[in-house]
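Enquirer: This is target.pdb, which holds PDB, C-alpha atoms and all ligand atoms:
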```pdb
ATOM      1  CA  MET U  11      37.116-107.204-213.685
ATOM      2  CA  THR U  12      40.693-107.136-212.491
ATOM      3  CA  GLU U  13      43.445-106.830-215.059
ATOM      4  CA  ARG U  14      45.081-110.224-215.554
ATOM      5  CA  GLU U  15      48.819-110.427-215.131
ATOM      6  CA  THR U  16      50.920-110.385-218.285
ATOM      7  CA  ALA U  17      53.359-113.275-218.738
ATOM      8  CA  LEU U  18      54.894-112.295-222.036
ATOM      9  CA  GLU U  19      54.702-109.152-224.101
ATOM     10  CA  THR U  20      56.097-108.149-227.484
ATOM     11  CA  GLN U  21      56.375-104.469-228.319
ATOM     12  CA  GLY U  22      56.564-103.461-231.983
ATOM     13  CA  VAL U  23      58.648-106.469-233.016
ATOM     14  CA  THR U  24      59.860-106.380-236.607
ATOM     15  CA  MET U  25      62.078-109.068-238.109
ATOM     16  CA  ARG U  26      63.637-108.480-241.508
ATOM     17  CA  PHE U  27      65.722-110.883-243.537
ATOM     18  CA  GLY U  28      67.348-108.760-246.243
ATOM     19  CA  GLY U  29      64.434-107.310-248.192
ATOM     20  CA  LEU U  30      61.858-109.624-246.642
ATOM     21  CA  THR U  31      59.858-108.493-243.608
ATOM     22  CA  ALA U  32      58.900-111.772-241.947
ATOM     23  CA  LEU U  33      57.242-110.010-239.013
ATOM     24  CA  HIS U  34      56.059-106.423-238.943
ATOM     25  CA  ASP U  35      55.366-104.276-235.870
ATOM     26  CA  PHE U  36      54.093-107.224-233.855
ATOM     27  CA  SER U  37      52.716-106.324-230.417
ATOM     28  CA  ILE U  38      50.896-108.788-228.201
ATOM     29  CA  ARG U  39      50.297-109.485-224.517
ATOM     30  CA  VAL U  40      49.865-113.030-223.234
ATOM     31  CA  HIS U  41      48.041-113.459-219.933
ATOM     32  CA  ARG U  42      49.689-115.593-217.304
ATOM     33  CA  GLY U  43      48.124-119.050-217.083
ATOM     34  CA  SER U  44      46.329-118.844-220.422
ATOM     35  CA  ILE U  45      46.450-121.183-223.413
ATOM     36  CA  VAL U  46      46.712-119.128-226.575
ATOM     37  CA  GLY U  47      47.264-119.701-230.284
ATOM     38  CA  LEU U  48      49.141-118.142-233.157
ATOM     39  CA  ILE U  49      47.745-119.030-236.581
ATOM     40  CA  GLY U  50      48.037-117.991-240.211
ATOM     41  CA  PRO U  51      48.972-119.326-243.641
ATOM     42  CA  ASN U  52      52.358-120.866-244.511
ATOM     43  CA  GLY U  53      55.157-118.319-244.411
ATOM     44  CA  ALA U  54      53.070-115.860-242.360
ATOM     45  CA  GLY U  55      55.848-115.392-239.779
ATOM     46  CA  LYS U  56      54.632-117.654-236.948
ATOM     47  CA  THR U  57      57.838-119.624-236.407
ATOM     48  CA  THR U  58      59.814-116.407-236.829
ATOM     49  CA  CYS U  59      57.773-114.985-233.975
ATOM     50  CA  PHE U  60      58.690-117.987-231.751
ATOM     51  CA  ASN U  61      62.331-117.659-232.779
ATOM     52  CA  VAL U  62      62.325-114.037-231.676
ATOM     53  CA  MET U  63      60.576-114.852-228.380
ATOM     54  CA  THR U  64      63.087-117.599-227.550
ATOM     55  CA  GLY U  65      66.289-115.767-228.461
ATOM     56  CA  PHE U  66      67.017-117.690-231.669
ATOM     57  CA  TYR U  67      66.597-114.449-233.630
ATOM     58  CA  ARG U  68      67.304-110.967-232.418
ATOM     59  CA  PRO U  69      64.549-108.698-233.802
ATOM     60  CA  THR U  70      65.430-105.889-236.183
ATOM     61  CA  GLU U  71      63.202-103.626-234.101
ATOM     62  CA  GLY U  72      61.091-103.926-230.974
ATOM     63  CA  LYS U  73      61.248-105.702-227.641
ATOM     64  CA  VAL U  74      60.303-108.964-225.963
ATOM     65  CA  LEU U  75      59.438-108.779-222.266
ATOM     66  CA  PHE U  76      58.883-111.785-220.035
ATOM     67  CA  GLU U  77      57.406-111.130-216.589
ATOM     68  CA  GLY U  78      58.540-107.556-217.071
ATOM     69  CA  ARG U  79      62.167-108.411-217.895
ATOM     70  CA  ASP U  80      63.636-107.477-221.255
ATOM     71  CA  LEU U  81      64.745-110.625-223.104
ATOM     72  CA  THR U  82      65.395-108.993-226.473
ATOM     73  CA  ALA U  83      69.192-109.270-226.374
ATOM     74  CA  LYS U  84      69.356-112.702-224.740
ATOM     75  CA  GLY U  85      70.318-115.906-226.529
ATOM     76  CA  PRO U  86      68.380-119.212-226.491
ATOM     77  CA  HIS U  87      70.091-120.638-223.391
ATOM     78  CA  GLU U  88      69.560-117.509-221.341
ATOM     79  CA  VAL U  89      65.915-117.306-222.424
ATOM     80  CA  CYS U  90      65.488-120.930-221.403
ATOM     81  CA  ARG U  91      66.972-120.230-217.964
ATOM     82  CA  GLU U  92      64.577-117.266-217.653
ATOM     83  CA  GLY U  93      61.701-119.777-217.838
ATOM     84  CA  ILE U  94      60.640-120.069-221.493
ATOM     85  CA  ALA U  95      60.825-123.461-223.214
ATOM     86  CA  ARG U  96      59.805-124.518-226.681
ATOM     87  CA  THR U  97      59.399-127.356-229.123
ATOM     88  CA  PHE U  98      60.238-127.185-232.817
ATOM     89  CA  GLN U  99      58.165-127.457-235.978
ATOM     90  CA  ASN U 100      60.560-130.171-237.187
ATOM     91  CA  ILE U 101      61.050-132.367-234.133
ATOM     92  CA  ARG U 102      64.548-131.931-232.722
ATOM     93  CA  LEU U 103      65.463-134.892-230.551
ATOM     94  CA  PHE U 104      68.819-136.512-229.915
ATOM     95  CA  SER U 105      67.733-139.438-232.028
ATOM     96  CA  ASN U 106      70.607-141.792-231.088
ATOM     97  CA  GLU U 107      70.072-141.241-227.354
ATOM     98  CA  THR U 108      67.459-143.025-225.283
ATOM     99  CA  VAL U 109      64.104-141.501-224.426
ATOM    100  CA  LEU U 110      65.268-140.993-220.815
ATOM    101  CA  GLN U 111      68.552-139.351-221.836
ATOM    102  CA  ASN U 112      66.674-136.867-224.024
ATOM    103  CA  VAL U 113      64.755-135.637-220.981
ATOM    104  CA  MET U 114      67.877-135.689-218.782
ATOM    105  CA  ILE U 115      69.534-133.270-221.214
ATOM    106  CA  GLY U 116      66.693-130.805-220.513
ATOM    107  CA  CYS U 117      67.170-131.250-216.741
ATOM    108  CA  HIS U 118      70.764-130.039-216.948
ATOM    109  CA  VAL U 119      69.495-126.495-217.553
ATOM    110  CA  ARG U 120      68.398-126.373-213.889
ATOM    111  CA  THR U 121      70.978-128.743-212.399
ATOM    112  CA  PRO U 122      74.208-128.095-214.245
ATOM    113  CA  LEU U 123      77.131-130.345-213.388
ATOM    114  CA  ASN U 124      80.311-128.413-212.658
ATOM    115  CA  TRP U 125      83.430-129.585-214.480
ATOM    116  CA  TRP U 126      84.786-131.299-211.349
ATOM    117  CA  GLU U 127      81.485-133.145-210.916
ATOM    118  CA  THR U 128      81.797-135.425-213.912
ATOM    119  CA  PRO U 129      79.309-138.258-213.452
ATOM    120  CA  LEU U 130      81.786-140.810-212.068
ATOM    121  CA  PRO U 131      80.254-143.565-209.932
ATOM    122  CA  PHE U 132      81.092-141.686-206.699
ATOM    123  CA  GLY U 133      80.775-138.191-205.301
ATOM    124  CA  VAL U 134      78.617-135.115-205.877
ATOM    125  CA  GLY U 135      78.398-135.637-209.631
ATOM    126  CA  ALA U 136      76.957-139.114-209.245
ATOM    127  CA  LYS U 137      74.384-137.888-206.715
ATOM    128  CA  LYS U 138      73.238-135.056-208.981
ATOM    129  CA  GLU U 139      73.106-137.421-211.925
ATOM    130  CA  LYS U 140      70.889-139.808-209.932
ATOM    131  CA  GLU U 141      68.537-136.947-209.015
ATOM    132  CA  ILE U 142      68.354-135.864-212.632
ATOM    133  CA  ARG U 143      67.624-139.436-213.738
ATOM    134  CA  GLU U 144      64.748-139.651-211.248
ATOM    135  CA  LYS U 145      63.328-136.274-212.225
ATOM    136  CA  ALA U 146      63.504-137.218-215.926
ATOM    137  CA  TYR U 147      61.761-140.511-215.219
ATOM    138  CA  HIS U 148      58.929-138.736-213.375
ATOM    139  CA  LEU U 149      58.457-136.427-216.332
ATOM    140  CA  LEU U 150      58.261-139.431-218.636
ATOM    141  CA  GLU U 151      55.530-140.806-216.391
ATOM    142  CA  GLU U 152      53.640-137.518-216.787
ATOM    143  CA  VAL U 153      53.683-137.817-220.572
ATOM    144  CA  GLU U 154      52.986-141.586-220.482
ATOM    145  CA  LEU U 155      56.342-142.561-221.937
ATOM    146  CA  ALA U 156      58.023-144.094-218.877
ATOM    147  CA  HIS U 157      57.609-147.616-220.227
ATOM    148  CA  LEU U 158      59.751-146.568-223.224
ATOM    149  CA  ALA U 159      62.512-144.886-221.162
ATOM    150  CA  ASP U 160      65.309-147.120-222.476
ATOM    151  CA  GLU U 161      64.220-147.131-226.108
ATOM    152  CA  CYS U 162      66.111-145.160-228.703
ATOM    153  CA  ALA U 163      64.296-141.821-229.282
ATOM    154  CA  ALA U 164      64.245-142.328-233.050
ATOM    155  CA  SER U 165      62.327-145.611-232.664
ATOM    156  CA  LEU U 166      59.265-143.898-231.158
ATOM    157  CA  PRO U 167      56.141-143.320-233.233
ATOM    158  CA  TYR U 168      55.627-139.748-234.335
ATOM    159  CA  GLY U 169      53.032-138.706-231.736
ATOM    160  CA  ALA U 170      55.218-140.104-228.938
ATOM    161  CA  GLN U 171      58.232-138.177-230.240
ATOM    162  CA  ARG U 172      56.180-134.988-229.998
ATOM    163  CA  ARG U 173      55.290-135.805-226.376
ATOM    164  CA  LEU U 174      58.933-136.590-225.650
ATOM    165  CA  GLU U 175      59.961-133.201-227.002
ATOM    166  CA  ILE U 176      57.402-131.604-224.687
ATOM    167  CA  ALA U 177      58.789-133.625-221.746
ATOM    168  CA  ARG U 178      62.287-132.373-222.531
ATOM    169  CA  ALA U 179      60.981-128.794-222.640
ATOM    170  CA  LEU U 180      59.232-129.347-219.274
ATOM    171  CA  ALA U 181      62.512-130.636-217.813
ATOM    172  CA  THR U 182      63.893-127.097-218.050
ATOM    173  CA  GLU U 183      61.159-126.061-215.549
ATOM    174  CA  PRO U 184      59.521-123.407-217.722
ATOM    175  CA  ARG U 185      56.714-121.065-216.738
ATOM    176  CA  PHE U 186      55.975-120.349-220.393
ATOM    177  CA  LEU U 187      55.808-123.092-223.022
ATOM    178  CA  LEU U 188      55.809-122.526-226.782
ATOM    179  CA  LEU U 189      54.742-125.393-229.052
ATOM    180  CA  ASP U 190      55.341-125.089-232.796
ATOM    181  CA  GLU U 191      52.698-127.217-234.547
ATOM    182  CA  PRO U 192      52.335-129.914-231.875
ATOM    183  CA  ALA U 193      49.537-131.721-233.787
ATOM    184  CA  ALA U 194      51.371-131.859-237.122
ATOM    185  CA  GLY U 195      51.324-135.409-238.476
ATOM    186  CA  MET U 196      48.866-136.632-235.835
ATOM    187  CA  ASN U 197      45.675-138.503-236.651
ATOM    188  CA  PRO U 198      42.336-137.131-235.304
ATOM    189  CA  GLN U 199      42.451-139.384-232.215
ATOM    190  CA  GLU U 200      45.987-138.326-231.364
ATOM    191  CA  SER U 201      45.179-134.629-231.756
ATOM    192  CA  GLN U 202      42.088-135.092-229.573
ATOM    193  CA  LYS U 203      44.357-136.562-226.887
ATOM    194  CA  LEU U 204      46.831-133.748-227.414
ATOM    195  CA  MET U 205      44.198-131.148-226.473
ATOM    196  CA  ALA U 206      43.542-132.868-223.161
ATOM    197  CA  PHE U 207      47.295-133.210-222.670
ATOM    198  CA  ILE U 208      47.953-129.485-223.228
ATOM    199  CA  ARG U 209      45.251-128.609-220.686
ATOM    200  CA  HIS U 210      46.664-131.169-218.248
ATOM    201  CA  ILE U 211      50.250-129.879-218.362
ATOM    202  CA  ARG U 212      49.077-126.278-218.047
ATOM    203  CA  GLU U 213      47.424-127.160-214.712
ATOM    204  CA  ARG U 214      50.028-129.640-213.542
ATOM    205  CA  PHE U 215      53.051-127.397-214.179
ATOM    206  CA  ASN U 216      51.365-124.038-213.686
ATOM    207  CA  LEU U 217      52.191-122.888-217.202
ATOM    208  CA  THR U 218      51.252-120.336-219.776
ATOM    209  CA  VAL U 219      51.055-122.114-223.148
ATOM    210  CA  MET U 220      51.238-120.568-226.599
ATOM    211  CA  PHE U 221      51.099-122.712-229.690
ATOM    212  CA  ILE U 222      51.201-122.521-233.446
ATOM    213  CA  GLU U 223      48.872-124.941-235.164
ATOM    214  CA  HIS U 224      47.142-125.541-238.492
ATOM    215  CA  ASP U 225      44.638-128.048-237.064
ATOM    216  CA  MET U 226      41.679-125.734-236.455
ATOM    217  CA  LYS U 227      39.847-128.265-234.264
ATOM    218  CA  VAL U 228      42.781-128.184-231.855
ATOM    219  CA  VAL U 229      43.187-124.406-232.020
ATOM    220  CA  MET U 230      39.513-123.562-231.585
ATOM    221  CA  GLY U 231      39.032-126.339-229.026
ATOM    222  CA  VAL U 232      41.756-125.379-226.600
ATOM    223  CA  CYS U 233      42.747-121.703-227.059
ATOM    224  CA  GLU U 234      41.269-118.892-225.019
ATOM    225  CA  TYR U 235      42.707-116.259-227.303
ATOM    226  CA  ILE U 236      44.166-116.302-230.815
ATOM    227  CA  TRP U 237      46.382-114.043-232.894
ATOM    228  CA  VAL U 238      46.336-114.285-236.697
ATOM    229  CA  LEU U 239      49.323-113.427-238.878
ATOM    230  CA  ASP U 240      49.322-112.936-242.629
ATOM    231  CA  TYR U 241      52.490-111.901-244.495
ATOM    232  CA  GLY U 242      54.091-110.885-241.193
ATOM    233  CA  VAL U 243      51.199-108.624-240.232
ATOM    234  CA  LEU U 244      48.791-109.185-237.356
ATOM    235  CA  ILE U 245      45.390-109.150-239.099
ATOM    236  CA  ALA U 246      43.155-110.212-236.213
ATOM    237  CA  GLU U 247      43.101-111.206-232.556
ATOM    238  CA  GLY U 248      40.402-112.392-230.211
ATOM    239  CA  ALA U 249      38.487-115.329-228.790
ATOM    240  CA  PRO U 250      37.994-118.387-231.073
ATOM    241  CA  LYS U 251      34.393-117.393-231.974
ATOM    242  CA  GLU U 252      35.467-113.894-233.031
ATOM    243  CA  ILE U 253      38.356-115.259-235.099
ATOM    244  CA  GLN U 254      36.129-117.786-236.888
ATOM    245  CA  ALA U 255      33.682-115.019-237.801
ATOM    246  CA  ASP U 256      36.304-112.468-238.907
ATOM    247  CA  PRO U 257      36.011-111.869-242.674
ATOM    248  CA  ARG U 258      39.721-110.985-243.008
ATOM    249  CA  VAL U 259      40.733-114.262-241.371
ATOM    250  CA  ILE U 260      38.313-116.256-243.506
ATOM    251  CA  GLU U 261      39.697-114.657-246.640
ATOM    252  CA  ALA U 262      43.385-114.916-245.725
ATOM    253  CA  TYR U 263      43.423-118.291-244.034
ATOM    254  CA  LEU U 264      40.384-120.224-242.902
ATOM    255  CA  GLY U 265      38.346-120.267-246.109
ATOM    256  CA  GLU U 266      34.548-120.532-246.244
ATOM    257  CA  GLU U 267      34.584-124.359-245.916
ATOM    258  CA  ALA U 268      36.445-124.406-242.617
ATOM    259  CA  VAL U 269      33.909-122.015-241.167
ATOM    260  CA  ALA U 270      30.989-124.104-242.440
ATOM    261  CA  ASP U 271      32.566-127.218-240.827
ATOM    262  CA  ALA U 272      33.181-125.649-237.432
TER     263      ALA U 272
HETATM  264  N1  LIG U 301      66.487-117.330-241.199
HETATM  265  C1  LIG U 301      65.760-116.870-242.241
HETATM  266  N2  LIG U 301      66.343-116.269-243.297
HETATM  267  C2  LIG U 301      65.609-115.809-244.317
HETATM  268  N3  LIG U 301      64.272-115.867-244.395
HETATM  269  C3  LIG U 301      63.628-116.447-243.363
HETATM  270  C4  LIG U 301      64.323-116.975-242.224
HETATM  271  N4  LIG U 301      63.416-117.478-241.357
HETATM  272  C5  LIG U 301      62.220-117.290-241.925
HETATM  273  N5  LIG U 301      62.340-116.666-243.124
HETATM  274  C6  LIG U 301      61.233-116.271-244.016
HETATM  275  O1  LIG U 301      60.291-115.569-243.251
HETATM  276  C7  LIG U 301      58.959-115.875-243.685
HETATM  277  C8  LIG U 301      58.179-116.403-242.513
HETATM  278  O2  LIG U 301      58.630-117.713-242.205
HETATM  279  P1  LIG U 301      58.100-118.536-240.954
HETATM  280  O3  LIG U 301      58.908-119.790-240.901
HETATM  281  O4  LIG U 301      58.097-117.680-239.769
HETATM  282  O5  LIG U 301      56.604-118.865-241.397
HETATM  283  P2  LIG U 301      55.484-119.726-240.683
HETATM  284  O6  LIG U 301      54.321-118.841-240.462
HETATM  285  O7  LIG U 301      56.063-120.437-239.523
HETATM  286  O8  LIG U 301      55.099-120.760-241.838
HETATM  287  P3  LIG U 301      54.716-122.345-241.767
HETATM  288  O9  LIG U 301      53.262-122.427-241.439
HETATM  289  O10 LIG U 301      54.981-122.813-243.158
HETATM  290  O11 LIG U 301      55.611-122.962-240.761
HETATM  291  C9  LIG U 301      59.099-116.866-244.829
HETATM  292  O12 LIG U 301      59.027-116.147-246.043
HETATM  293  C10 LIG U 301      60.472-117.450-244.601
HETATM  294  O13 LIG U 301      61.041-117.887-245.817
HETATM  295 MG    MG U 302      56.405-122.370-239.014
END
```
Starting from the coordinates I provided, produce the structure as structure tokens.
Ligand SMILES: Nc1ncnc2c1ncn2[C@@H]1O[C@H](COP(=O)(O)OP(=O)(O)OP(=O)(O)O)[C@@H](O)[C@H]1O
Ligand SMILES: [Mg+2]

Expert:
Amino acid sequence: MTERETALETQGVTMRFGGLTALHDFSIRVHRGSIVGLIGPNGAGKTTCFNVMTGFYRPTEGKVLFEGRDLTAKGPHEVCREGIARTFQNIRLFSNETVLQNVMIGCHVRTPLNWWETPLPFGVGAKKEKEIREKAYHLLEEVELAHLADECAASLPYGAQRRLEIARALATEPRFLLLDEPAAGMNPQESQKLMAFIRHIRERFNLTVMFIEHDMKVVMGVCEYIWVLDYGVLIAEGAPKEIQADPRVIEAYLGEEAVADA
């Protein structure tokens, strides 16, 4: 079997906040094109891990490499331009802007307007703005939100807001997408649809997807590979079947009932 290409790699990442070690000596490799999961109990360090990978936190120790390039010292905007996009555990939309404008904001990462190209009705700025509007609209079609383009973002139901946040992340043209609890607050039908949606966007946009999720049906249903954190320490990794059968994971997180249900 040929070695699959690595998209993202962490090497011995440790993140301390004062006396608290939120993440300890965390080393993983994510294969390009895969859909993978990061799970563990509340406070285990999952979001911290995403914050380190996306430049929101600079790790106390260790490195983050993306396609072989060292991202450790880069800030969120630089990481985004490198091709990593994310969504947030607590949805972060521009709630007073329209659905379309929220996606257009993401597009500006790839098509920045120069200061002399202010979007007046004429000239280069207006042309770029029109292109961005069209690109944003196409993305809304992809996530089945185009019919709501002119609605205020805050007026959308919860599941739609999550899809809008994903559309905005896609607007930055990522190769690697991180989703922090995408199924949170969704009913079983919505999370079922979400699984199909994650698979669809992986194919459609040629992505590697990593997500954090507490809904085990979603995690086990869609992930090829899973890492499990507990108190900042990686306690297990493997395919869904191995994770479900791992006594340490059952004790720390899944519980006997979840395993009986699966
Ligand atoms: N900026 C910060 N300053 C201080 N402590 C922090 C900071 N960010 C995270 N922590 C702490 O690090 C630990 C891990 O938090 P993190 O948010 O990564 O957990 P999580 O696994 O995402 O949990 P949840 O499932 O509840 O979202 C927690 O004890 C948290 O309080
Ligand atoms: Mg979290």

Enquirer: Exactly which residues make up the result of the PyMOL selection byres (((not hetatm)) within 10 of (chain U and resi 301)) on this file, given as a PyMOL selection string?

Expert: chain U and resi 25-33+48-62+66-67+99-100+190-191+222-224+238-242

Enquirer: Using Å and a single decimal, report how far atom CA of Ile245 of chain U sits from atom CA of Val259 of chain U.

Expert: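 Rounded to one decimal, the two atoms are 7.3 Å apart.
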
Enquirer: So which residues get picked by the PyMOL selection byres (((chain U and resi 18) around 12) and not hetatm) here, written as a VMD selection string?

Expert: chain U and resid 14 to 17 19 to 21 37 to 44 46 60 63 to 64 73 to 82 92 to 94 185 to 188 217 to 220

Enquirer: Of the candidates U:Asp35, U:Glu88, U:Glu151, U:Glu261, which shows the shortest atom-to-atom distance to Val119 of chain U, using only C-alpha atoms?

Expert: U:Glu88

Enquirer: Excluding segment 199-215 of chain U and any residue of its chain fewer than 4 positions from it, enumerate the residues within 10 Å of it, using only C-alpha atoms, and give them as a ChimeraX atom specification.

Expert: /U:43-45,152-153,169-170,172-173,176-177,180,183-187,189,192-195,219,221,225,227-229,231-233

Enquirer: Within 12 Å of Glu252 of chain U, counting only C-alpha atoms, which residues qualify if same-chain residues fewer than 5 places away don't, as an NGL selection string?

Expert: :U and (230 or 234-238 or 246-247 or 257-260 or 269)

Enquirer: As an exercise, work out the distance from atom CA of Arg143 of chain U to atom CA of Asn106 of chain U in Å and give it to one decimal place.

Expert: 17.8 Å
